[in-house]
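final-v6.csv follows; it contains CSV, C-alpha atoms.
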```csv
chain,number,residue,atom,x,y,z
A,1,MET,CA,-84.5,108.5,-9.3
A,2,LYS,CA,-80.8,107.8,-9.4
A,3,GLY,CA,-78.8,109.2,-12.3
A,4,THR,CA,-79.4,112.1,-14.6
A,5,ASN,CA,-82.4,112.6,-16.8
A,6,ILE,CA,-82.2,115.3,-19.5
A,7,ARG,CA,-85.6,116.7,-20.5
A,8,PRO,CA,-86.6,119.5,-22.9
A,9,LEU,CA,-89.2,121.0,-20.4
A,10,VAL,CA,-89.4,120.5,-16.7
A,11,ILE,CA,-92.3,122.1,-14.7
A,12,VAL,CA,-92.0,122.2,-11.0
A,13,GLY,CA,-95.4,122.1,-9.3
A,14,ALA,CA,-98.6,120.5,-10.4
A,15,GLY,CA,-101.0,123.2,-9.2
A,16,ALA,CA,-103.4,125.0,-11.5
A,17,ALA,CA,-100.7,126.8,-13.4
A,18,GLY,CA,-98.2,124.0,-13.7
A,19,LEU,CA,-100.9,121.4,-14.6
A,20,PHE,CA,-102.5,123.7,-17.3
A,21,LEU,CA,-99.1,124.3,-18.8
A,22,ALA,CA,-98.2,120.6,-18.8
A,23,ALA,CA,-101.5,119.9,-20.6
A,24,LEU,CA,-101.0,122.6,-23.2
A,25,SER,CA,-97.3,121.7,-23.8
A,26,ALA,CA,-98.0,118.0,-24.0
A,27,LYS,CA,-100.6,118.6,-26.8
A,28,LEU,CA,-97.9,120.7,-28.6
A,29,GLY,CA,-95.6,117.7,-28.5
A,30,HIS,CA,-93.1,119.0,-26.0
A,31,CYS,CA,-93.2,115.9,-23.7
A,32,PRO,CA,-93.1,117.9,-20.4
A,33,LEU,CA,-91.9,116.4,-17.2
A,34,LEU,CA,-94.2,117.6,-14.3
A,35,LEU,CA,-92.7,117.3,-10.9
A,36,GLU,CA,-95.2,117.2,-8.0
A,37,ARG,CA,-94.1,116.7,-4.4
A,38,GLY,CA,-97.5,115.4,-3.3
A,39,PRO,CA,-99.6,112.4,-4.1
A,40,GLN,CA,-101.9,114.0,-6.7
A,41,VAL,CA,-102.2,116.9,-9.1
A,42,GLY,CA,-104.1,120.1,-8.5
A,43,ARG,CA,-104.6,119.7,-4.7
A,44,LYS,CA,-105.4,123.3,-4.2
A,45,LEU,CA,-107.3,123.5,-7.5
A,46,ARG,CA,-109.7,120.8,-6.1
A,47,LEU,CA,-110.8,123.2,-3.4
A,48,THR,CA,-111.8,126.2,-5.5
A,49,GLY,CA,-115.3,127.4,-5.7
A,50,GLY,CA,-116.3,125.3,-2.7
A,51,GLY,CA,-115.2,122.2,-4.7
A,52,ARG,CA,-117.2,123.2,-7.7
A,53,GLY,CA,-114.3,124.8,-9.5
A,54,ASN,CA,-114.6,128.6,-10.1
A,55,LEU,CA,-112.1,128.5,-13.0
A,56,THR,CA,-112.2,132.1,-14.3
A,57,HIS,CA,-114.3,135.2,-14.5
A,58,VAL,CA,-115.7,136.7,-17.7
A,59,GLY,CA,-114.8,140.2,-18.8
A,60,ASP,CA,-112.3,142.2,-20.8
A,61,SER,CA,-109.0,143.6,-19.4
A,62,SER,CA,-110.5,146.9,-18.4
A,63,GLU,CA,-113.1,145.0,-16.2
A,64,LEU,CA,-110.6,142.4,-14.9
A,65,LEU,CA,-107.6,144.5,-14.0
A,66,PRO,CA,-109.2,146.4,-11.1
A,67,HIS,CA,-109.5,143.1,-9.3
A,68,TYR,CA,-105.8,142.6,-9.0
A,69,ARG,CA,-103.0,143.9,-6.7
A,70,PRO,CA,-100.5,145.4,-6.2
A,71,ASP,CA,-99.7,146.6,-9.8
A,72,PRO,CA,-101.9,145.0,-12.5
A,73,ARG,CA,-100.2,146.7,-15.5
A,74,PHE,CA,-98.4,143.4,-16.2
A,75,LEU,CA,-101.8,141.9,-17.1
A,76,TRP,CA,-102.6,144.2,-20.1
A,77,SER,CA,-100.6,142.2,-22.7
A,78,LEU,CA,-101.0,138.9,-20.8
A,79,TYR,CA,-104.8,139.1,-20.9
A,80,ALA,CA,-104.7,140.4,-24.5
A,81,ALA,CA,-103.2,137.1,-25.4
A,82,TRP,CA,-105.1,134.9,-22.9
A,83,PRO,CA,-108.5,136.4,-22.0
A,84,PRO,CA,-111.0,134.3,-20.1
A,85,ASP,CA,-112.7,133.3,-23.4
A,86,ARG,CA,-109.4,131.7,-24.6
A,87,VAL,CA,-109.0,129.9,-21.3
A,88,ARG,CA,-112.5,128.5,-21.7
A,89,ARG,CA,-111.7,127.4,-25.3
A,90,ALA,CA,-108.6,125.6,-24.1
A,91,LEU,CA,-110.5,123.9,-21.3
A,92,LEU,CA,-113.2,122.8,-23.8
A,93,ASP,CA,-110.4,121.4,-26.1
A,94,PHE,CA,-109.3,119.3,-23.1
A,95,GLY,CA,-112.9,118.0,-22.7
A,96,ILE,CA,-113.8,120.4,-19.9
A,97,PRO,CA,-116.9,122.4,-21.0
A,98,THR,CA,-117.7,125.4,-18.8
A,99,HIS,CA,-120.6,127.8,-18.2
A,100,VAL,CA,-121.0,131.3,-16.9
A,101,GLU,CA,-123.2,131.9,-13.8
A,102,ALA,CA,-125.1,135.1,-13.2
A,103,ASP,CA,-122.3,136.9,-11.4
A,104,GLY,CA,-119.8,136.3,-14.1
A,105,ARG,CA,-118.0,133.4,-12.5
A,106,VAL,CA,-117.2,130.5,-14.7
A,107,PHE,CA,-117.6,126.9,-13.6
A,108,PRO,CA,-117.1,123.5,-15.2
A,109,ASP,CA,-120.3,121.8,-16.4
A,110,SER,CA,-119.3,118.9,-14.2
A,111,GLN,CA,-119.5,121.2,-11.1
A,112,SER,CA,-116.4,119.4,-9.9
A,113,ALA,CA,-113.0,121.0,-9.4
A,114,ALA,CA,-111.6,117.5,-8.7
A,115,ALA,CA,-112.8,116.3,-12.1
A,116,VAL,CA,-111.0,119.3,-13.8
A,117,ALA,CA,-107.7,118.4,-12.1
A,118,GLU,CA,-108.0,114.8,-13.0
A,119,ARG,CA,-108.8,115.5,-16.6
A,120,LEU,CA,-105.9,117.9,-17.0
A,121,GLY,CA,-103.6,115.2,-15.6
A,122,GLN,CA,-105.0,112.7,-18.1
A,123,ILE,CA,-104.3,115.1,-21.0
A,124,VAL,CA,-100.6,115.3,-19.9
A,125,THR,CA,-100.0,111.6,-19.9
A,126,GLU,CA,-102.2,110.9,-22.9
A,127,HIS,CA,-100.0,113.2,-25.1
A,128,GLY,CA,-96.6,112.0,-24.0
A,129,GLY,CA,-96.0,114.0,-20.9
A,130,GLN,CA,-94.9,112.5,-17.6
A,131,ILE,CA,-95.9,113.3,-14.0
A,132,LEU,CA,-93.6,112.2,-11.2
A,133,TYR,CA,-95.3,112.3,-7.8
A,134,GLY,CA,-93.4,112.5,-4.5
A,135,SER,CA,-90.7,114.5,-6.3
A,136,CYS,CA,-89.5,117.5,-4.2
A,137,VAL,CA,-86.8,119.7,-5.7
A,138,SER,CA,-84.2,120.6,-3.0
A,139,ALA,CA,-81.9,122.7,-5.2
A,140,LEU,CA,-81.6,124.0,-8.7
A,141,GLU,CA,-78.9,125.9,-10.7
A,142,PRO,CA,-78.0,126.7,-14.3
A,143,ASP,CA,-75.7,124.3,-16.0
A,144,HIS,CA,-74.4,123.5,-19.5
A,145,ASN,CA,-77.7,121.6,-20.4
A,146,GLY,CA,-79.8,124.5,-19.2
A,147,TRP,CA,-80.8,123.6,-15.6
A,148,ARG,CA,-79.8,121.0,-13.1
A,149,LEU,CA,-82.4,120.1,-10.4
A,150,GLU,CA,-81.5,118.1,-7.3
A,151,LEU,CA,-84.3,116.0,-5.8
A,152,GLU,CA,-84.8,115.7,-2.0
A,153,HIS,CA,-84.7,111.9,-2.0
A,154,GLY,CA,-81.7,111.6,-4.3
A,155,GLY,CA,-81.0,111.9,-8.0
A,156,SER,CA,-81.0,114.8,-10.3
A,157,ILE,CA,-82.7,116.0,-13.5
A,158,SER,CA,-81.3,118.2,-16.3
A,159,ALA,CA,-83.7,120.4,-18.2
A,160,ALA,CA,-83.3,122.6,-21.3
A,161,LYS,CA,-86.1,124.8,-20.0
A,162,LEU,CA,-87.4,125.1,-16.5
A,163,VAL,CA,-90.8,126.5,-15.3
A,164,LEU,CA,-91.4,127.2,-11.7
A,165,ALA,CA,-95.0,126.8,-10.7
A,166,THR,CA,-94.6,126.1,-7.0
A,167,GLY,CA,-97.4,128.4,-5.9
A,168,GLY,CA,-97.5,130.7,-2.8
A,169,ALA,CA,-97.5,129.9,0.9
A,170,GLY,CA,-101.2,129.6,1.8
A,171,TYR,CA,-102.8,126.2,2.5
A,172,PRO,CA,-99.4,124.5,3.0
A,173,GLN,CA,-101.3,121.2,3.3
A,174,THR,CA,-101.8,121.4,-0.4
A,175,GLY,CA,-98.1,121.7,-1.1
A,176,SER,CA,-97.8,125.5,-1.1
A,177,ASP,CA,-95.1,126.1,1.4
A,178,GLY,CA,-93.1,129.0,-0.2
A,179,LEU,CA,-90.3,126.8,-1.5
A,180,GLY,CA,-90.2,128.6,-4.9
A,181,LEU,CA,-89.5,131.9,-3.3
A,182,ASP,CA,-86.3,130.5,-1.8
A,183,PHE,CA,-85.2,129.4,-5.2
A,184,LEU,CA,-85.8,132.9,-6.7
A,185,ASN,CA,-84.0,134.6,-3.8
A,186,LYS,CA,-81.0,132.4,-4.3
A,187,LEU,CA,-81.0,133.4,-8.0
A,188,GLY,CA,-80.8,137.0,-7.0
A,189,LEU,CA,-84.2,137.9,-8.4
A,190,PRO,CA,-86.4,140.7,-7.0
A,191,THR,CA,-89.1,139.3,-4.7
A,192,ARG,CA,-91.4,140.3,-1.9
A,193,PRO,CA,-92.1,138.0,1.1
A,194,PHE,CA,-95.3,136.1,1.1
A,195,SER,CA,-98.2,137.4,3.1
A,196,PRO,CA,-101.9,136.5,3.4
A,197,ALA,CA,-104.1,137.9,0.6
A,198,LEU,CA,-107.5,136.1,0.7
A,199,VAL,CA,-108.1,135.2,4.4
A,200,ARG,CA,-110.6,135.9,7.1
A,201,LEU,CA,-110.2,139.0,9.3
A,202,LEU,CA,-109.9,138.7,13.1
A,203,TRP,CA,-110.8,141.3,15.7
A,204,HIS,CA,-107.5,142.5,16.9
A,205,GLU,CA,-108.6,143.1,20.5
A,206,ARG,CA,-109.5,140.0,22.5
A,207,ARG,CA,-112.3,141.9,24.3
A,208,THR,CA,-113.9,142.6,20.9
A,209,ARG,CA,-113.7,139.0,19.8
A,210,GLN,CA,-115.4,137.9,23.0
A,211,ALA,CA,-118.1,140.5,22.9
A,212,ALA,CA,-118.9,140.0,19.2
A,213,ALA,CA,-118.8,136.2,19.2
A,214,GLY,CA,-122.6,136.2,19.2
A,215,LEU,CA,-122.7,137.6,15.7
A,216,ALA,CA,-121.2,134.3,14.3
A,217,GLY,CA,-123.2,133.1,11.3
A,218,LEU,CA,-124.8,136.4,10.5
A,219,SER,CA,-124.5,137.3,6.8
A,220,LEU,CA,-125.1,140.7,5.1
A,221,ARG,CA,-125.7,140.1,1.4
A,222,ASP,CA,-124.4,143.5,0.2
A,223,SER,CA,-122.0,145.6,2.3
A,224,GLY,CA,-119.0,147.8,1.7
A,225,LEU,CA,-115.6,147.8,3.5
A,226,ALA,CA,-113.0,150.4,3.1
A,227,LEU,CA,-109.4,150.8,4.4
A,228,ASP,CA,-108.8,154.1,2.5
A,229,ARG,CA,-109.8,155.7,-0.8
A,230,GLN,CA,-107.8,153.2,-2.9
A,231,ASN,CA,-108.8,150.0,-0.9
A,232,ARG,CA,-112.5,149.4,-1.0
A,233,THR,CA,-114.6,146.3,-1.6
A,234,ARG,CA,-118.2,145.4,-1.8
A,235,GLY,CA,-120.1,142.2,-1.6
A,236,GLU,CA,-121.3,139.6,0.9
A,237,LEU,CA,-120.0,140.0,4.5
A,238,LEU,CA,-120.1,137.1,6.9
A,239,PHE,CA,-119.6,137.4,10.7
A,240,THR,CA,-117.6,134.6,12.3
A,241,HIS,CA,-116.9,133.7,16.0
A,242,THR,CA,-113.7,135.7,15.7
A,243,GLY,CA,-114.2,138.4,13.1
A,244,LEU,CA,-115.3,138.8,9.5
A,245,SER,CA,-115.3,136.7,6.3
A,246,GLY,CA,-117.1,136.5,3.0
A,247,PRO,CA,-115.9,138.0,-0.3
A,248,CYS,CA,-116.2,141.6,1.0
A,249,ALA,CA,-113.7,140.9,3.8
A,250,LEU,CA,-111.5,138.4,2.0
A,251,ASN,CA,-110.8,140.8,-0.9
A,252,LEU,CA,-109.5,143.5,1.4
A,253,SER,CA,-107.5,141.2,3.8
A,254,GLY,CA,-104.2,141.5,1.9
A,255,ARG,CA,-104.1,145.2,2.5
A,256,LEU,CA,-104.5,145.2,6.3
A,257,ASP,CA,-101.7,145.7,8.8
A,258,PRO,CA,-100.8,142.6,10.7
A,259,ASN,CA,-100.9,144.7,13.9
A,260,GLY,CA,-104.5,145.8,13.2
A,261,SER,CA,-106.3,148.3,10.9
A,262,ARG,CA,-109.5,150.2,11.3
A,263,LEU,CA,-111.9,149.7,8.4
A,264,SER,CA,-115.2,151.5,7.7
A,265,LEU,CA,-118.4,149.6,7.1
A,266,ASP,CA,-121.1,150.8,4.6
A,267,LEU,CA,-124.3,149.0,5.5
A,268,ILE,CA,-126.0,150.2,2.3
A,269,PRO,CA,-123.4,150.7,-0.4
A,270,GLY,CA,-126.0,150.7,-3.2
A,271,GLU,CA,-128.0,153.5,-1.8
A,272,ALA,CA,-127.3,157.3,-2.0
A,273,LEU,CA,-126.9,159.2,1.2
A,274,ALA,CA,-129.8,161.4,0.2
A,275,ALA,CA,-132.1,158.4,-0.2
A,276,THR,CA,-131.1,157.1,3.3
A,277,ILE,CA,-131.9,160.5,4.8
A,278,SER,CA,-135.3,160.5,3.0
A,279,TRP,CA,-136.1,157.1,4.3
A,280,LEU,CA,-135.3,158.1,7.9
A,281,LYS,CA,-137.4,161.3,7.6
A,282,ALA,CA,-140.3,159.3,6.3
A,283,ALA,CA,-140.0,156.8,9.1
A,284,ALA,CA,-139.8,159.5,11.7
A,285,SER,CA,-142.9,161.2,10.4
A,286,GLY,CA,-145.1,158.2,10.5
A,287,ALA,CA,-143.6,156.0,13.3
A,288,GLY,CA,-146.0,156.7,16.1
A,289,GLU,CA,-144.6,155.1,19.2
A,290,ARG,CA,-142.3,152.7,17.3
A,291,GLN,CA,-138.8,152.4,18.8
A,292,LEU,CA,-135.8,153.4,16.7
A,293,LEU,CA,-134.3,150.0,17.0
A,294,THR,CA,-137.5,148.5,15.6
A,295,THR,CA,-137.4,150.9,12.6
A,296,LEU,CA,-133.8,150.1,11.8
A,297,GLY,CA,-134.7,146.4,12.3
A,298,GLU,CA,-136.8,146.6,9.2
A,299,ARG,CA,-133.6,146.7,7.1
A,300,TRP,CA,-130.9,145.1,9.3
A,301,PRO,CA,-130.9,142.1,11.6
A,302,ARG,CA,-131.6,143.1,15.2
A,303,ARG,CA,-128.6,140.9,16.3
A,304,LEU,CA,-126.3,143.2,14.3
A,305,LEU,CA,-127.9,146.4,15.6
A,306,GLU,CA,-127.5,145.3,19.2
A,307,ALA,CA,-123.9,144.4,18.6
A,308,LEU,CA,-122.9,147.7,16.8
A,309,PRO,CA,-121.8,149.4,20.0
A,310,VAL,CA,-119.4,146.5,20.5
A,311,ILE,CA,-117.8,146.5,17.0
A,312,SER,CA,-118.0,150.2,16.2
A,313,PRO,CA,-116.7,153.0,18.4
A,314,ASP,CA,-118.5,155.5,16.2
A,315,TRP,CA,-121.9,153.8,16.9
A,316,ALA,CA,-121.1,153.4,20.6
A,317,ARG,CA,-120.6,157.2,20.9
A,318,PHE,CA,-123.4,158.4,18.7
A,319,SER,CA,-126.1,155.9,19.9
A,320,ARG,CA,-126.0,157.5,23.3
A,321,GLU,CA,-127.4,160.7,21.8
A,322,LEU,CA,-130.2,159.0,19.9
A,323,PRO,CA,-133.8,159.0,21.2
A,324,ARG,CA,-135.5,155.6,21.9
A,325,ARG,CA,-138.5,156.5,19.6
A,326,THR,CA,-138.1,157.1,15.9
A,327,ARG,CA,-140.5,160.0,15.9
A,328,SER,CA,-138.2,161.9,18.3
A,329,LEU,CA,-135.3,162.1,15.8
A,330,GLU,CA,-134.3,165.6,15.1
A,331,SER,CA,-133.2,166.7,11.6
A,332,SER,CA,-129.5,166.9,12.5
A,333,GLN,CA,-129.7,163.4,14.1
A,334,ILE,CA,-131.3,162.0,11.0
A,335,GLU,CA,-128.5,163.3,8.8
A,336,ASN,CA,-125.8,162.1,11.2
A,337,LEU,CA,-127.4,158.7,11.5
A,338,ALA,CA,-127.7,158.3,7.7
A,339,ALA,CA,-124.0,159.2,7.3
A,340,LEU,CA,-123.1,156.7,10.0
A,341,LEU,CA,-125.0,153.9,8.3
A,342,HIS,CA,-122.8,154.5,5.3
A,343,ARG,CA,-119.5,154.9,7.2
A,344,LEU,CA,-119.1,153.0,10.5
A,345,THR,CA,-115.6,152.9,11.8
A,346,LEU,CA,-114.9,149.4,13.1
A,347,GLU,CA,-112.8,148.1,15.9
A,348,PRO,CA,-109.3,147.1,14.6
A,349,LEU,CA,-109.0,143.9,12.6
A,350,HIS,CA,-106.0,142.0,11.3
A,351,PRO,CA,-105.6,139.2,8.7
A,352,ALA,CA,-105.6,135.6,9.9
A,353,PRO,CA,-102.3,133.7,9.6
A,354,LEU,CA,-100.7,133.0,6.1
A,355,LYS,CA,-101.3,129.3,6.5
A,356,GLU,CA,-105.0,129.9,6.4
A,357,ALA,CA,-104.9,132.1,3.3
A,358,MET,CA,-106.6,130.8,0.1
A,359,VAL,CA,-104.1,133.0,-1.9
A,360,SER,CA,-100.9,134.7,-0.8
A,361,ALA,CA,-99.5,138.1,-1.8
A,362,GLY,CA,-95.8,138.5,-2.6
A,363,GLY,CA,-93.5,136.6,-4.9
A,364,LEU,CA,-91.4,137.5,-7.9
A,365,SER,CA,-91.8,141.1,-9.1
A,366,PRO,CA,-93.7,141.1,-12.5
A,367,ALA,CA,-91.1,143.6,-13.8
A,368,ALA,CA,-88.6,140.7,-13.9
A,369,LEU,CA,-90.8,138.8,-16.4
A,370,ASP,CA,-91.6,139.2,-20.1
A,371,PRO,CA,-95.5,139.2,-20.0
A,372,ARG,CA,-95.6,137.6,-23.5
A,373,SER,CA,-93.8,134.4,-22.3
A,374,CYS,CA,-93.4,134.7,-18.5
A,375,ALA,CA,-89.7,134.2,-19.1
A,376,VAL,CA,-87.3,135.7,-16.6
A,377,ARG,CA,-85.6,138.5,-18.4
A,378,ALA,CA,-82.2,138.1,-16.7
A,379,ILE,CA,-82.0,134.3,-16.7
A,380,PRO,CA,-82.4,132.5,-20.1
A,381,GLY,CA,-84.4,129.2,-19.9
A,382,LEU,CA,-86.3,130.1,-16.8
A,383,HIS,CA,-90.0,130.8,-16.6
A,384,VAL,CA,-92.2,131.6,-13.6
A,385,ILE,CA,-96.0,131.2,-13.6
A,386,GLY,CA,-99.0,131.3,-11.3
A,387,GLU,CA,-99.1,132.4,-7.6
A,388,LEU,CA,-95.3,132.6,-7.4
A,389,ILE,CA,-95.6,135.9,-9.2
A,390,ASP,CA,-96.4,139.0,-7.0
A,391,LEU,CA,-100.0,139.5,-8.2
A,392,ASP,CA,-103.1,138.5,-6.4
A,393,GLY,CA,-106.7,138.8,-7.3
A,394,ASP,CA,-110.1,139.0,-5.7
A,395,THR,CA,-112.3,135.9,-5.1
A,396,GLY,CA,-114.5,134.9,-8.0
A,397,GLY,CA,-112.1,133.1,-10.4
A,398,TYR,CA,-109.6,135.9,-10.8
A,399,ASN,CA,-106.6,134.0,-9.4
A,400,LEU,CA,-107.2,130.9,-11.5
A,401,GLN,CA,-107.5,133.1,-14.6
A,402,PHE,CA,-104.1,134.5,-13.8
A,403,ALA,CA,-102.7,131.1,-13.2
A,404,PHE,CA,-104.0,129.8,-16.5
A,405,ALA,CA,-103.0,132.9,-18.5
A,406,THR,CA,-99.4,132.8,-17.3
A,407,ALA,CA,-99.2,129.1,-18.2
A,408,GLY,CA,-100.7,129.9,-21.6
A,409,ALA,CA,-98.0,132.6,-22.2
A,410,VAL,CA,-95.3,130.0,-21.8
A,411,ALA,CA,-97.1,127.5,-24.1
A,412,ASP,CA,-97.4,130.3,-26.7
A,413,ALA,CA,-93.6,130.9,-26.4
A,414,LEU,CA,-93.0,127.1,-26.8
A,415,ALA,CA,-95.3,127.0,-29.9
A,416,GLY,CA,-93.4,129.8,-31.5
A,417,GLN,CA,-90.0,128.0,-31.3
```
Could the structure of this file be written out as structure tokens, please?
Amino acid sequence: MKGTNIRPLVIVGAGAAGLFLAALSAKLGHCPLLLERGPQVGRKLRLTGGGRGNLTHVGDSSELLPHYRPDPRFLWSLYAAWPPDRVRRALLDFGIPTHVEADGRVFPDSQSAAAVAERLGQIVTEHGGQILYGSCVSALEPDHNGWRLELEHGGSISAAKLVLATGGAGYPQTGSDGLGLDFLNKLGLPTRPFSPALVRLLWHERRTRQAAAGLAGLSLRDSGLALDRQNRTRGELLFTHTGLSGPCALNLSGRLDPNGSRLSLDLIPGEALAATISWLKAAASGAGERQLLTTLGERWPRRLLEALPVISPDWARFSRELPRRTRSLESSQIENLAALLHRLTLEPLHPAPLKEAMVSAGGLSPAALDPRSCAVRAIPGLHVIGELIDLDGDTGGYNLQFAFATAGAVADALAGQ
């Protein structure tokens, strides 16, 4: 790579966003140069949806935006131009048909995220684009041609337009090591440090981890977790050897304090409090000699019920006042027990390290970008797309939808020139 190569469009990073943009722009005839530091394209993309490739999630903007943080207003015009249906049409045009599953998640018909990555790479080269592997950018700066990029192993490239698609800082083994944030900071742009967004939760106290280890592998299909009124999630909850995982926990992980936060657990989020009280009253009136633990065991795993005093200080205190037999429950105890089943304060939890996060929070402030083109307002010729922007979504295809839509915005801008 000695010497200088002048290219009309250079994209740094062949993750989902960079790869999708390279494919779109290649079909438009812009001959993109895609720089990838690793040995293959879409390394993180290949892991999505358990390897099946959860590519987006159906819905209109009003349904999608509540699934993003910290400020999803940037997405209104972006998703007006690139809703999930348009992403799916573009993928179909690339030879990647998709289907919608019952929960609204969208997967490729091939059921292979790796096949999606490979096909997008083929589109790039089939339409005159170029992918350079093992190409790590060590520095970049504006120059008279637009941008000058220095490569780690020598040589430089000049670009009329530059797109940064370097991703976040989760799963660094896939190439996401936060390098793009360093470039943005050196350019004086407003950023927020990377932090884990979709990652498992760990019991903050060692004693809790040790005492609750026996819950590992236990799954609750429908649970609710809340940090406060604004930060609530609902879905499957999985207990691990060291804490909590599953969509319900992952979607809240980015809001927790690294030094530990207390969450409340709703064991029956789909049931009204009055219905829970009625169930307990009916159980008490016809329970005979049945123990309370047996009655509760009709709805929740006994392993969980026996561990509740360990993971919930609320339960530890209240359970000492409860009778052993269901029929001995008093009216006030029934009401308090029902309320507790809907709101159990848990022992403190904290997010696992950033390197384990599927997605990272932080990055370039969306306010620095034009949502119609993802162009940096203050610096001509520079675009930023994908996870490098400070917006992160829930599990279920929301983050790939964002990556593809930002890439599409740049492609639209190129098509209009």
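Within 7 Å of range 255-270 of chain A, once only C-alpha atoms are used and residues closer than 2 positions along the same chain are dropped, the contacting residues are His204, Ser223, Gly224, Leu225, Ala226, Leu227, Leu252, Ser253, Ala272, Leu341, His342, Arg343, Leu344, Thr345, Leu346, Glu347, Pro348, Leu349, His350 and Pro351 of chain A.
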Problem set entry | Using all atoms listed in the file: which of A:Leu364, A:Leu340, A:Leu120, A:Ala81 has the shortest distance to Asn185 in chain A |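 Smallest separation from Asn185 in chain A among the options: A:Leu364.
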For this session: Within 12 Å of Gln210 in chain A, counting all atoms listed in the file, which residues show up once you throw out same-chain ones fewer than 3 positions away? Write them as a ChimeraX atom specification, please.
Result: /A:202-207,213-216,240-243,307,310-311
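For the pair CA of Asn54 in chain A and CA of Gly134 in chain A, the separation is 27.2 Å.
For the residues A:Val163, A:Leu198, A:Leu308, A:Ile277, ranking by smallest atom-to-atom distance to Cys248 in chain A using all atoms listed in the file places A:Leu198 first.
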Exercise. To one decimal place, how far is CA of Arg7 in chain A from CA of Pro39 in chain A in Å?
Worked result: 22.0 Å
For this session: Return the single residue from A:Ser373, A:Ser319, A:Thr326, A:Ser365 that is closest to Pro72 in chain A, with distances computed using all atoms listed in the file.
Result: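 Smallest distance to Pro72 in chain A is found for A:Ser365.
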Problem set entry | Given only C-alpha atoms as the counted atoms, nearest of A:Ala284, A:Leu305, A:Ala169, A:Ala114 to Ile389 in chain A |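 Using only C-alpha atoms, the shortest distance to Ile389 in chain A belongs to A:Ala169.
Between CA of Asp103 in chain A and CA of Gly235 in chain A lies a distance of 11.4 Å.
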Exercise. Given the choices A:Arg324, A:Arg377, A:Arg229, A:Arg221, which gets closest to Trp300 in chain A if the distance is worked out from all atoms listed in the file?
Worked result: A:Arg221
Problem set entry | Who sits within 10 Å of Ala197 in chain A, only C-alpha atoms, same chain under 5 positions skipped, as a ChimeraX atom specification | /A:69,170,250-256,351-352,354,356-362,391-394
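If you measure from each of A:Gln40, A:Asn399, A:Ser312, A:Thr295 to Tyr133 in chain A using all atoms listed in the file, the closest one turns out to be A:Gln40.
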For this session: Can you pull out every residue within 10 Å of Ala115 in chain A, counting only C-alpha atoms, but drop anything in the same chain fewer than 6 positions away, and send it as an NGL selection string?
Result: :A and (46 or 51-53 or 96 or 108 or 121)
Problem set entry | Selection near Val41 in chain A, 7 Å with only C-alpha atoms, sequence-local residues under 3 positions removed, as a VMD selection string | chain A and resid 14 to 15 117 121
